[in-house]
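Asks: Structure below; questions to follow.
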Amino acid sequence: MVKTDEVEKAYQVAKQRYAELGVDTDKVLAELKKVKLSVHAWQGDDIHGFLNPDQELTGGIGVSGNYPGIARTPDELTGDLHEALSLIPGKHKVQLHSIYAVTDKKKELNEVGPEDFKYWVDWAKQEGVGLDMNPTFFSHPMVKHNFTLASPEKDVRDYWIEVGKQSRAIANYFGEELGQQSVNNFWIPDGFKDNPIDKQSPRERLIASLDEIFAKKYDEKNTIEAVEGKLFGTGIESYTVGSHLFYNNYAISRGKLWTIDAGHWHPTEDVSDKFSAFLPFGKGLMLHVSRPVRWDSDHVVIFDDALTRITRSLVRDNQLSRTNIGLDFFDATINRVAAWVIGARATQKALLQAMLAPIDDLKKAELNFDFTKRLAVTEELKSFPFGAVWDEFCLQNDTPVGTDWLNNIHDYEQKVQFPREKH
């Protein structure tokens, strides 16, 4: 177990080193604490939900692995989330889907409303977290021929329009009850496996469906909508109705947030470069931080180059206040609670490292075409004692330092998760 006095000594050394470059580490830690991550509920139960937990996953979504201890009930899922949040420094939010409704009777997806999320609101109040929302447009018999809101069949569109409207009412309920804005993220799996003749009509239908869903006005202090594009997916390899450019334009023209999922782009694209191109025109961003491996495979987020570029872009351009950072991955080959902790802490580490830089000084050097200083300083920063500052952040927020949190996971899975398999 890491000793507190050793962490404090290391931090004082790191604090002095960064001060030599004009970086106030105490101020940085205070700023990092303000950043709320939106932790996704579906990592804990492999996206089964509680409405139709035995429904086969569709929409190009798949979860691999069968690590023991999957959450099967609302109490098990919130228990697992509580354990994960206790190991992630700071106070955050939790993302839900329509399928996580907790109902007393059998309901159709388009019937699910605010009353079916009282369980979650009560838990969030007790936990001290906010809630974000996602209407569920997949894994349902009304997904016909890979189409929902863009379907040529009016009854299909009408069904999913109602799902979208209900999700907005739920998100508004979250905002009213919890006093935190709930981001309501819209993603649909609509598209064609092979080359379509008509690419225009599905997009016109999608515009009309979205406009109908968003017609009712809600106070933005309670909720705001985000629209999420995709490059391709299993079953829609040739044409995605809700492409990146489609939603970029829709978000700008309708005053919505644009969601950028790191896993929905071509592997050679740098998603962080999109931020500064969109934000001068758009309302704001929602991020789904994921880790693609060759395709949109949603691996657990790690502290890699792609994540570093994302956080550097947000910090250096001072766009954290206009960006909602959500996690989006699902891995059942490892402990599901540990997956949350690894991904969230990696994201926080990347944010911290981005903040631990003399950004104003470097911008001034760049403006003066002093590219030598820019390169020299950014290279030297790579070997600065960033880890000591991270350990101090964990200590200040009463969370385990280093790998000590793994002891909590091992204890939790032995006492709580593994016994589930016997029932």
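Labeling convention for the structure tokens: chains A, B, ... as they appear, residues from 1 per chain, ligands from 1 in order of appearance.
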Name all residues at most 8 Å from stretch 17-21 of chain A (count only C-alpha atoms; drop same-chain ones fewer than 4 positions away) and give them as a PyMOL selection string.
Replies: chain A and resi 13+25+356-358+384-385
Asks: So that I can see what lies close to A:Gly130, please list as JSON, numbers by chain the residues with an atom at most 12 Å from it, counting only C-alpha atoms and leaving out residues fewer than 4 positions away in the same chain.
Replies: {"A": [36, 37, 38, 39, 40, 91, 92, 93, 94, 95, 96, 120, 121, 122, 123, 124, 125, 126, 171, 173, 174, 175, 176, 177, 178, 179, 180, 181, 182, 183, 222, 223]}
Asks: Give the answer as one residue: which of A:Lys415, A:Arg309, A:Arg336, A:Arg157 has the shortest atom-to-atom distance to A:Asp45, using only C-alpha atoms?
Replies: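 Nearest to A:Asp45: A:Arg336.
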Asks: Pick the closest to A:Asp360 from A:Thr234, A:Ser297, A:Ser98, A:Asn318: which is it, counting only C-alpha atoms?
Replies: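 Of the candidates, the smallest distance to A:Asp360 is held by A:Asn318.
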Asks: Write out as an MDAnalysis selection string which residues come within 8 Å of A:Arg316 when counting only C-alpha atoms, dropping same-chain ones fewer than 3 positions away.
Replies: chainID A and resid 312:313 319 354:355 359
Asks: As an exercise, work out the distance from atom CA of A:Ser272 to atom CA of A:Ser290 in Å and give it to one decimal place.
Replies: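 So the answer is 12.9 Å.
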